[in-house]
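Asks: Just structure.tsv, nothing more (TSV, C-alpha atoms):
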chain	number	residue	atom	x	y	z
A	8	MET	CA	12.98	-13.52	-10.67
A	9	VAL	CA	10.94	-10.62	-12.04
A	10	GLY	CA	7.44	-10.27	-13.46
A	11	SER	CA	6.51	-9.59	-17.06
A	12	ILE	CA	5.68	-6.49	-19.07
A	13	ALA	CA	2.33	-5.21	-20.27
A	14	VAL	CA	2.57	-2.89	-23.27
A	15	VAL	CA	-0.06	-0.16	-23.45
A	16	VAL	CA	-1.35	0.29	-27.02
A	17	PRO	CA	-3.82	3.14	-27.64
A	18	LEU	CA	-6.51	2.45	-30.21
A	19	LYS	CA	-6.52	5.83	-31.97
A	20	ASN	CA	-6.29	4.69	-35.58
A	21	GLU	CA	-7.20	1.11	-36.48
A	22	LEU	CA	-4.41	0.66	-39.04
A	23	GLN	CA	-1.77	2.01	-36.66
A	24	PHE	CA	-3.21	-0.05	-33.84
A	25	ALA	CA	-2.81	-3.23	-35.92
A	26	ARG	CA	0.79	-2.30	-36.69
A	27	ASP	CA	1.53	-1.59	-33.03
A	28	VAL	CA	0.02	-4.88	-31.90
A	29	ALA	CA	2.17	-6.68	-34.49
A	30	ARG	CA	5.26	-5.20	-32.81
A	31	VAL	CA	4.31	-6.77	-29.47
A	32	LYS	CA	5.12	-10.40	-30.11
A	33	ARG	CA	4.96	-11.98	-26.66
A	34	GLU	CA	4.08	-9.46	-23.99
A	35	ILE	CA	0.66	-8.67	-22.58
A	36	VAL	CA	-1.12	-5.94	-24.57
A	37	GLU	CA	-3.28	-3.41	-22.76
A	38	VAL	CA	-5.76	-2.28	-25.39
A	39	ARG	CA	-6.70	1.31	-24.56
A	40	ALA	CA	-9.96	1.42	-26.48
A	41	ASP	CA	-10.93	4.73	-24.84
A	42	PHE	CA	-8.66	6.44	-27.39
A	43	ALA	CA	-11.14	5.35	-30.08
A	44	GLY	CA	-13.68	7.86	-28.78
A	45	ARG	CA	-17.32	6.89	-28.53
A	46	ARG	CA	-17.44	4.65	-31.58
A	47	GLU	CA	-17.94	0.91	-31.50
A	48	LEU	CA	-15.03	-1.29	-32.51
A	49	SER	CA	-15.00	-2.43	-36.11
A	50	GLU	CA	-15.33	-6.09	-37.05
A	51	GLN	CA	-11.70	-6.09	-38.20
A	52	THR	CA	-10.43	-4.76	-34.87
A	53	THR	CA	-12.63	-7.17	-32.93
A	54	LYS	CA	-11.12	-10.08	-34.90
A	55	LEU	CA	-7.62	-8.81	-34.13
A	56	LEU	CA	-8.47	-8.58	-30.43
A	57	SER	CA	-9.80	-12.14	-30.53
A	58	LYS	CA	-6.44	-13.35	-31.86
A	59	ILE	CA	-4.55	-11.82	-28.92
A	60	ALA	CA	-7.28	-12.34	-26.33
A	61	HIS	CA	-5.17	-14.73	-24.24
A	62	ARG	CA	-2.60	-11.97	-23.63
A	63	SER	CA	-4.70	-8.83	-23.71
A	64	ILE	CA	-6.23	-6.42	-21.22
A	65	LEU	CA	-9.29	-4.51	-22.41
A	66	THR	CA	-9.46	-0.99	-21.01
A	67	ILE	CA	-11.92	1.80	-21.83
A	68	ARG	CA	-10.77	4.41	-19.34
A	69	PRO	CA	-13.26	7.25	-18.68
A	70	GLN	CA	-12.24	10.88	-18.47
A	71	TRP	CA	-13.13	10.96	-14.77
A	72	GLU	CA	-10.41	8.34	-14.13
A	73	GLY	CA	-7.73	9.96	-16.27
A	74	GLY	CA	-8.77	8.35	-19.56
A	75	ASN	CA	-10.11	9.56	-22.88
A	76	PHE	CA	-13.67	8.22	-23.04
A	77	ARG	CA	-16.12	11.11	-22.82
A	78	GLY	CA	-19.31	9.39	-23.87
A	79	ASP	CA	-22.29	8.04	-21.96
A	80	GLU	CA	-21.22	5.94	-18.98
A	81	ASN	CA	-23.87	3.29	-19.57
A	82	LEU	CA	-22.58	2.93	-23.13
A	83	ARG	CA	-19.02	2.47	-21.85
A	84	VAL	CA	-20.01	-0.15	-19.28
A	85	GLY	CA	-22.08	-1.92	-21.94
A	86	MET	CA	-19.12	-1.95	-24.34
A	87	LEU	CA	-16.83	-3.46	-21.70
A	88	LYS	CA	-19.38	-6.16	-20.95
A	89	SER	CA	-20.20	-7.04	-24.56
A	90	ILE	CA	-16.62	-7.00	-25.85
A	91	GLY	CA	-15.38	-8.77	-22.75
A	92	GLU	CA	-17.91	-11.57	-23.11
A	93	GLU	CA	-17.35	-11.86	-26.86
A	94	ILE	CA	-13.55	-12.03	-27.06
A	95	GLU	CA	-12.79	-13.17	-23.48
A	96	PRO	CA	-9.54	-11.25	-22.98
A	97	ARG	CA	-7.07	-12.21	-20.30
A	98	PHE	CA	-8.47	-9.35	-18.20
A	99	VAL	CA	-10.98	-6.53	-18.45
A	100	ASP	CA	-9.99	-3.42	-16.51
A	101	VAL	CA	-12.90	-1.95	-14.55
A	102	GLU	CA	-12.64	1.09	-12.30
A	103	HIS	CA	-13.36	0.63	-8.60
A	104	LYS	CA	-16.19	3.15	-8.78
A	105	VAL	CA	-18.17	0.95	-11.21
A	106	ALA	CA	-16.79	-2.51	-10.42
A	107	HIS	CA	-20.05	-3.53	-8.71
A	108	LYS	CA	-21.75	-3.39	-12.12
A	109	PHE	CA	-19.62	-6.31	-13.30
A	110	LYS	CA	-20.35	-8.78	-10.50
A	111	GLU	CA	-22.23	-11.09	-12.85
A	112	SER	CA	-19.65	-10.90	-15.64
A	113	SER	CA	-17.73	-14.11	-16.23
A	114	PHE	CA	-14.51	-12.58	-17.54
A	115	ARG	CA	-11.52	-11.97	-15.27
A	116	LYS	CA	-11.24	-8.44	-13.95
A	117	ILE	CA	-8.56	-5.98	-12.93
A	118	VAL	CA	-10.22	-3.56	-10.52
A	119	SER	CA	-8.33	-0.28	-10.79
A	120	TRP	CA	-8.08	3.00	-8.95
A	121	HIS	CA	-5.88	6.00	-9.80
A	122	ASP	CA	-4.96	9.15	-7.88
A	123	PHE	CA	-3.26	11.64	-10.20
A	124	ASN	CA	-2.70	14.22	-7.47
A	125	SER	CA	-1.29	12.53	-4.39
A	126	THR	CA	-0.75	9.37	-2.35
A	127	PRO	CA	-3.15	8.88	0.57
A	128	PRO	CA	-1.82	7.66	3.95
A	129	PHE	CA	-1.17	3.93	4.18
A	130	GLU	CA	-4.28	3.17	6.24
A	131	GLU	CA	-6.47	4.77	3.58
A	132	LEU	CA	-4.71	2.81	0.85
A	133	LEU	CA	-5.16	-0.41	2.79
A	134	LYS	CA	-8.87	0.27	3.27
A	135	LYS	CA	-9.19	0.94	-0.46
A	136	TYR	CA	-7.36	-2.29	-1.28
A	137	LYS	CA	-9.59	-4.38	0.99
A	138	GLU	CA	-12.69	-2.96	-0.71
A	139	MET	CA	-11.30	-3.64	-4.17
A	140	GLU	CA	-9.98	-7.17	-3.66
A	141	LYS	CA	-13.54	-8.45	-3.20
A	142	LEU	CA	-14.56	-7.21	-6.64
A	143	GLY	CA	-12.02	-8.70	-9.02
A	144	ASP	CA	-9.13	-11.03	-9.71
A	145	ILE	CA	-6.36	-8.40	-9.57
A	146	VAL	CA	-6.29	-5.03	-7.82
A	147	LYS	CA	-4.48	-2.12	-9.47
A	148	ILE	CA	-3.71	0.93	-7.32
A	149	ALA	CA	-1.74	3.79	-8.88
A	150	THR	CA	-1.08	6.97	-6.93
A	151	THR	CA	1.17	9.99	-7.47
A	152	ALA	CA	4.40	10.25	-5.49
A	153	LYS	CA	5.65	13.57	-4.21
A	154	ASN	CA	8.34	12.11	-1.96
A	155	ALA	CA	9.92	8.82	-0.87
A	156	ILE	CA	7.35	8.28	1.91
A	157	ASP	CA	4.62	8.11	-0.74
A	158	ILE	CA	6.49	5.29	-2.48
A	159	VAL	CA	6.94	3.43	0.81
A	160	ASN	CA	3.22	3.69	1.61
A	161	VAL	CA	2.23	2.27	-1.77
A	162	MET	CA	4.73	-0.58	-1.68
A	163	LYS	CA	3.68	-1.57	1.87
A	164	LEU	CA	0.39	-2.76	0.37
A	165	TYR	CA	2.17	-5.83	-1.02
A	166	SER	CA	2.73	-7.10	2.53
A	167	ARG	CA	-1.06	-7.35	2.91
A	168	ALA	CA	-1.85	-8.84	-0.50
A	169	GLU	CA	-1.78	-12.31	-1.99
A	170	LYS	CA	1.19	-12.56	-4.32
A	171	GLY	CA	0.22	-11.99	-7.94
A	172	ARG	CA	-3.08	-10.31	-7.13
A	173	LEU	CA	-1.87	-6.74	-6.65
A	174	ILE	CA	-0.35	-4.17	-8.98
A	175	ALA	CA	0.53	-1.10	-6.93
A	176	PHE	CA	2.92	1.68	-7.86
A	177	ALA	CA	3.38	5.44	-7.75
A	178	MET	CA	3.12	7.54	-10.89
A	179	GLY	CA	5.28	10.51	-11.84
A	180	GLU	CA	9.05	10.87	-12.13
A	181	ILE	CA	9.59	10.41	-8.40
A	182	GLY	CA	7.58	7.21	-8.41
A	183	LYS	CA	9.18	5.55	-11.47
A	184	ILE	CA	11.32	3.23	-9.37
A	185	SER	CA	8.16	1.72	-7.85
A	186	ARG	CA	7.13	0.45	-11.28
A	187	VAL	CA	10.32	-1.59	-11.46
A	188	LEU	CA	10.25	-2.71	-7.83
A	189	SER	CA	6.66	-3.90	-8.11
A	190	VAL	CA	7.53	-6.80	-10.43
A	191	THR	CA	10.54	-8.03	-8.46
A	192	ASP	CA	10.14	-11.23	-6.50
A	193	ILE	CA	10.06	-9.23	-3.26
A	194	TYR	CA	6.73	-7.64	-4.17
A	195	GLY	CA	5.29	-9.97	-6.80
A	196	ALA	CA	3.13	-7.87	-9.10
A	197	PRO	CA	2.24	-9.96	-12.19
A	198	PHE	CA	3.38	-7.30	-14.64
A	199	ALA	CA	4.46	-3.68	-15.08
A	200	TYR	CA	2.95	-1.30	-17.63
A	201	SER	CA	5.06	0.22	-20.40
A	202	SER	CA	4.51	2.16	-23.61
A	203	LEU	CA	5.53	1.72	-27.25
A	204	GLY	CA	5.81	5.44	-27.87
A	205	ALA	CA	4.89	8.40	-25.71
A	206	PRO	CA	3.96	7.48	-22.12
A	207	VAL	CA	0.24	7.01	-21.57
A	208	ALA	CA	0.58	7.74	-17.83
A	209	PRO	CA	3.01	9.93	-15.84
A	210	GLY	CA	6.35	8.20	-15.24
A	211	GLN	CA	5.61	5.24	-17.49
A	212	TYR	CA	8.67	3.52	-18.95
A	213	GLY	CA	9.03	2.76	-22.63
A	214	ARG	CA	8.96	-0.96	-23.38
A	215	ALA	CA	12.61	-1.18	-24.51
A	216	GLU	CA	13.92	0.68	-21.47
A	217	LEU	CA	11.88	-1.39	-19.04
A	218	GLN	CA	12.98	-4.61	-20.75
A	219	LYS	CA	16.63	-3.67	-20.30
A	220	ILE	CA	16.13	-2.87	-16.62
A	221	LEU	CA	14.27	-6.11	-15.90
A	222	GLU	CA	16.77	-8.21	-17.87
A	223	LYS	CA	19.59	-6.73	-15.82
A	224	LEU	CA	17.75	-7.47	-12.59
A	225	SER	CA	17.21	-11.07	-13.73
A	226	ARG	CA	20.93	-11.53	-14.31
A	227	ASP	CA	22.05	-9.94	-11.03
Go ahead and render the structure in this file as structure tokens.

Replies:
Amino acid sequence: MVGSIAVVVPLKNELQFARDVARVKREIVEVRADFAGRRELSEQTTKLLSKIAHRSILTIRPQWEGGNFRGDENLRVGMLKSIGEEIEPRFVDVEHKVAHKFKESSFRKIVSWHDFNSTPPFEELLKKYKEMEKLGDIVKIATTAKNAIDIVNVMKLYSRAEKGRLIAFAMGEIGKISRVLSVTDIYGAPFAYSSLGAPVAPGQYGRAELQKILEKLSRD
């Protein structure tokens, strides 16, 4: 048994965004609203998000965490809170650095942390995980693999986590296999991220390719 797929859909152009969402019939949709810049979401886009709220992840990733939002941080946090409370998505992604600001928020949270340069030693990763698990419903840890040991250190985190509450993998070409492994029954991540077009993160699979791999694993 393997987990499901989350399809990352950047909100660059509202018309194209609507078309892309229409292509994702069943999977979870990660709405990357940071691609919209500093502007507020239109009423039309908010209505669309409400329709897919039960299978959506709202993300407004800041530049300091590898995203595209370059505006005022208080504005970004306020947008996450207001949109999250209004449409009640399946999850709102909040970065570990600011997760404490969402303690009173009622929506479900993915607390995320990314290292685009390296993979810390396992003990450091475990300490990070223990800090993060207290702040949200799911912990997402994504590092960058430079060798097989980096992958092993990331995947070892699953042995210390409650099944279904951790998404941990290594980015980059070397780490691609960890994205697939994470959603196998051995590790138990709830879903793996994929893209409709160009990868949004290093080593990210396209949706069609990831579907084929997971379908094959399900049959074997």

Asks: Calculated over only C-alpha atoms, which of the candidates A:Lys223, A:His121, A:Arg26, A:Lys134 has the smallest distance to Ile174 of chain A?

Replies: A:His121

Asks: Name the residues within 12 Å of (18.3, -11.6, -12.1), counting all atoms listed in the file in the file's coordinates, and put them as an NGL selection string.

Replies: :A and (8-10 or 190-192 or 219-227)

Asks: Identify the residues within 10 Å of coordinate (-16.3, -7.9, -13.9) (same frame as the file), considering only C-alpha atoms, and give the answer as a list in words.

Replies: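 Looking at atoms near the point gives Leu87, Lys88, Gly91, Phe98, Val99, Asp100, Val101, Glu102, Val105, Ala106, His107, Lys108, Phe109, Lys110, Glu111, Ser112, Ser113, Phe114, Arg115, Lys116, Ile117, Val118, Leu142, Gly143 and Asp144 of chain A.
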
Asks: Which residues are near Gly74 of chain A? Cut-off 10 Å, all atoms listed in the file, ignore same chain within fewer than 3 positions. Put them as a list in words.

Replies: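 Selected residues are Arg39, Ala40, Asp41, Phe42, Thr66, Ile67, Arg68, Pro69, Gln70, Trp71, Arg77, Val207 and Ala208 of chain A.
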
Asks: One decimal, Å: what's the distance from atom CA of Leu164 of chain A over to atom CA of Ala149 of chain A, could you say?

Replies: 11.5 Å

Asks: Excluding Ser125 of chain A and its own-chain neighbours fewer than 5 positions away, which residues fall within 8 Å of it when counting only C-alpha atoms? Please give them as a list in words.

Replies: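 Result of the neighbour search: Thr150, Thr151, Ala152 and Lys153 of chain A.
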
Asks: Between A:Arg97, A:Arg172, A:Val146, A:Met162, which is the closest to Arg186 of chain A once you count all atoms listed in the file?

Replies: A:Met162

Asks: In Å to one decimal, how far is atom CA of Ser189 of chain A from atom CA of Asn154 of chain A?

Replies: 17.2 Å

Asks: Please list as a list in words every residue within 9 Å of Gly210 of chain A, counting only C-alpha atoms and excluding residues in the same chain fewer than 4 positions away.

Replies: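 Neighbouring residues, sequence-local ones excluded: Ala177, Met178, Gly179, Glu180, Ile181, Gly182, Lys183, Arg186 and Pro206 of chain A.
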
Asks: Go ahead and compute the interatomic distance for atom CA of Ala175 of chain A and atom CA of Gly204 of chain A, in Å to one decimal.

Replies: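 Answer for the atom CA of Ala175 of chain A to atom CA of Gly204 of chain A separation: 22.6 Å.
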
Asks: Nearest residue to Phe76 of chain A out of A:Ala168, A:Val161, A:Ala43, A:Leu22, using all atoms listed in the file?

Replies: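 Comparing A:Ala168, A:Val161, A:Ala43, A:Leu22 against Phe76 of chain A, the winner is A:Ala43.
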
Asks: Rank nothing, just name the residue among A:Ala205, A:Met139, A:Ala199, A:Ile90 nearest to Val36 of chain A, using all atoms listed in the file.

Replies: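 Using all atoms listed in the file, the shortest distance to Val36 of chain A belongs to A:Ala199.
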
Asks: Taking all atoms listed in the file into account, name the residue in A:Asp122, A:Glu216, A:Glu169, A:Glu37 that is nearest to Pro96 of chain A.

Replies: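 Distance minimum relative to Pro96 of chain A lands on A:Glu37.
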
Asks: Return segment 150-181 of chain A, completed with N, CA and C atoms, as an mmCIF file, keeping the file's coordinate frame.

Replies:
data_model
loop_
_atom_site.group_PDB
_atom_site.id
_atom_site.type_symbol
_atom_site.label_atom_id
_atom_site.label_comp_id
_atom_site.auth_asym_id
_atom_site.auth_seq_id
_atom_site.Cartn_x
_atom_site.Cartn_y
_atom_site.Cartn_z
ATOM 1 N N THR A 150 -0.984 5.647 -7.537
ATOM 2 C CA THR A 150 -1.080 6.970 -6.930
ATOM 3 C C THR A 150 0.005 7.867 -7.524
ATOM 4 N N THR A 151 0.135 9.073 -7.007
ATOM 5 C CA THR A 151 1.170 9.990 -7.470
ATOM 6 C C THR A 151 2.118 10.300 -6.313
ATOM 7 N N ALA A 152 3.407 10.042 -6.539
ATOM 8 C CA ALA A 152 4.400 10.250 -5.490
ATOM 9 C C ALA A 152 4.969 11.659 -5.523
ATOM 10 N N LYS A 153 5.016 12.263 -4.357
ATOM 11 C CA LYS A 153 5.650 13.570 -4.210
ATOM 12 C C LYS A 153 6.942 13.486 -3.397
ATOM 13 N N ASN A 154 7.130 12.331 -2.748
ATOM 14 C CA ASN A 154 8.340 12.110 -1.960
ATOM 15 C C ASN A 154 8.511 10.608 -1.737
ATOM 16 N N ALA A 155 9.611 10.231 -1.087
ATOM 17 C CA ALA A 155 9.920 8.820 -0.870
ATOM 18 C C ALA A 155 8.907 8.131 0.037
ATOM 19 N N ILE A 156 8.343 8.859 0.991
ATOM 20 C CA ILE A 156 7.350 8.280 1.910
ATOM 21 C C ILE A 156 6.136 7.798 1.129
ATOM 22 N N ASP A 157 5.755 8.531 0.092
ATOM 23 C CA ASP A 157 4.620 8.110 -0.740
ATOM 24 C C ASP A 157 4.894 6.747 -1.380
ATOM 25 N N ILE A 158 6.116 6.566 -1.862
ATOM 26 C CA ILE A 158 6.490 5.290 -2.480
ATOM 27 C C ILE A 158 6.422 4.169 -1.440
ATOM 28 N N VAL A 159 6.960 4.428 -0.264
ATOM 29 C CA VAL A 159 6.940 3.430 0.810
ATOM 30 C C VAL A 159 5.519 3.024 1.150
ATOM 31 N N ASN A 160 4.616 3.988 1.250
ATOM 32 C CA ASN A 160 3.220 3.690 1.610
ATOM 33 C C ASN A 160 2.533 2.824 0.564
ATOM 34 N N VAL A 161 2.828 3.089 -0.704
ATOM 35 C CA VAL A 161 2.230 2.270 -1.770
ATOM 36 C C VAL A 161 2.791 0.857 -1.730
ATOM 37 N N MET A 162 4.090 0.741 -1.616
ATOM 38 C CA MET A 162 4.730 -0.580 -1.680
ATOM 39 C C MET A 162 4.393 -1.436 -0.454
ATOM 40 N N LYS A 163 4.063 -0.815 0.664
ATOM 41 C CA LYS A 163 3.680 -1.570 1.870
ATOM 42 C C LYS A 163 2.417 -2.391 1.636
ATOM 43 N N LEU A 164 1.622 -2.004 0.652
ATOM 44 C CA LEU A 164 0.390 -2.760 0.370
ATOM 45 C C LEU A 164 0.684 -4.209 0.012
ATOM 46 N N TYR A 165 1.844 -4.459 -0.597
ATOM 47 C CA TYR A 165 2.170 -5.830 -1.020
ATOM 48 C C TYR A 165 2.277 -6.775 0.173
ATOM 49 N N SER A 166 2.608 -6.246 1.341
ATOM 50 C CA SER A 166 2.730 -7.100 2.530
ATOM 51 C C SER A 166 1.362 -7.593 3.003
ATOM 52 N N ARG A 167 0.303 -6.975 2.513
ATOM 53 C CA ARG A 167 -1.060 -7.350 2.910
ATOM 54 C C ARG A 167 -1.817 -8.050 1.797
ATOM 55 N N ALA A 168 -1.155 -8.286 0.667
ATOM 56 C CA ALA A 168 -1.850 -8.840 -0.500
ATOM 57 C C ALA A 168 -1.331 -10.224 -0.851
ATOM 58 N N GLU A 169 -2.198 -11.012 -1.448
ATOM 59 C CA GLU A 169 -1.780 -12.310 -1.990
ATOM 60 C C GLU A 169 -0.884 -12.069 -3.193
ATOM 61 N N LYS A 170 0.219 -12.771 -3.257
ATOM 62 C CA LYS A 170 1.190 -12.560 -4.320
ATOM 63 C C LYS A 170 0.544 -12.808 -5.684
ATOM 64 N N GLY A 171 0.765 -11.870 -6.593
ATOM 65 C CA GLY A 171 0.220 -11.990 -7.940
ATOM 66 C C GLY A 171 -1.152 -11.381 -8.121
ATOM 67 N N ARG A 172 -1.730 -10.870 -7.025
ATOM 68 C CA ARG A 172 -3.080 -10.310 -7.130
ATOM 69 C C ARG A 172 -3.105 -8.796 -6.935
ATOM 70 N N LEU A 173 -1.933 -8.184 -6.829
ATOM 71 C CA LEU A 173 -1.870 -6.740 -6.650
ATOM 72 C C LEU A 173 -0.849 -6.123 -7.589
ATOM 73 N N ILE A 174 -1.264 -5.016 -8.224
ATOM 74 C CA ILE A 174 -0.350 -4.170 -8.980
ATOM 75 C C ILE A 174 -0.464 -2.790 -8.353
ATOM 76 N N ALA A 175 0.553 -2.392 -7.607
ATOM 77 C CA ALA A 175 0.530 -1.100 -6.930
ATOM 78 C C ALA A 175 1.837 -0.368 -7.204
ATOM 79 N N PHE A 176 1.735 0.879 -7.589
ATOM 80 C CA PHE A 176 2.920 1.680 -7.860
ATOM 81 C C PHE A 176 2.552 3.150 -7.797
ATOM 82 N N ALA A 177 3.585 3.989 -7.775
ATOM 83 C CA ALA A 177 3.380 5.440 -7.750
ATOM 84 C C ALA A 177 3.733 6.021 -9.107
ATOM 85 N N MET A 178 2.885 6.889 -9.606
ATOM 86 C CA MET A 178 3.120 7.540 -10.890
ATOM 87 C C MET A 178 4.013 8.760 -10.717
ATOM 88 N N GLY A 179 4.426 9.339 -11.857
ATOM 89 C CA GLY A 179 5.280 10.510 -11.840
ATOM 90 C C GLY A 179 6.749 10.136 -11.850
ATOM 91 N N GLU A 180 7.609 11.113 -12.060
ATOM 92 C CA GLU A 180 9.050 10.870 -12.130
ATOM 93 C C GLU A 180 9.582 10.325 -10.810
ATOM 94 N N ILE A 181 9.111 10.872 -9.704
ATOM 95 C CA ILE A 181 9.590 10.410 -8.400
ATOM 96 C C ILE A 181 9.212 8.954 -8.172
#
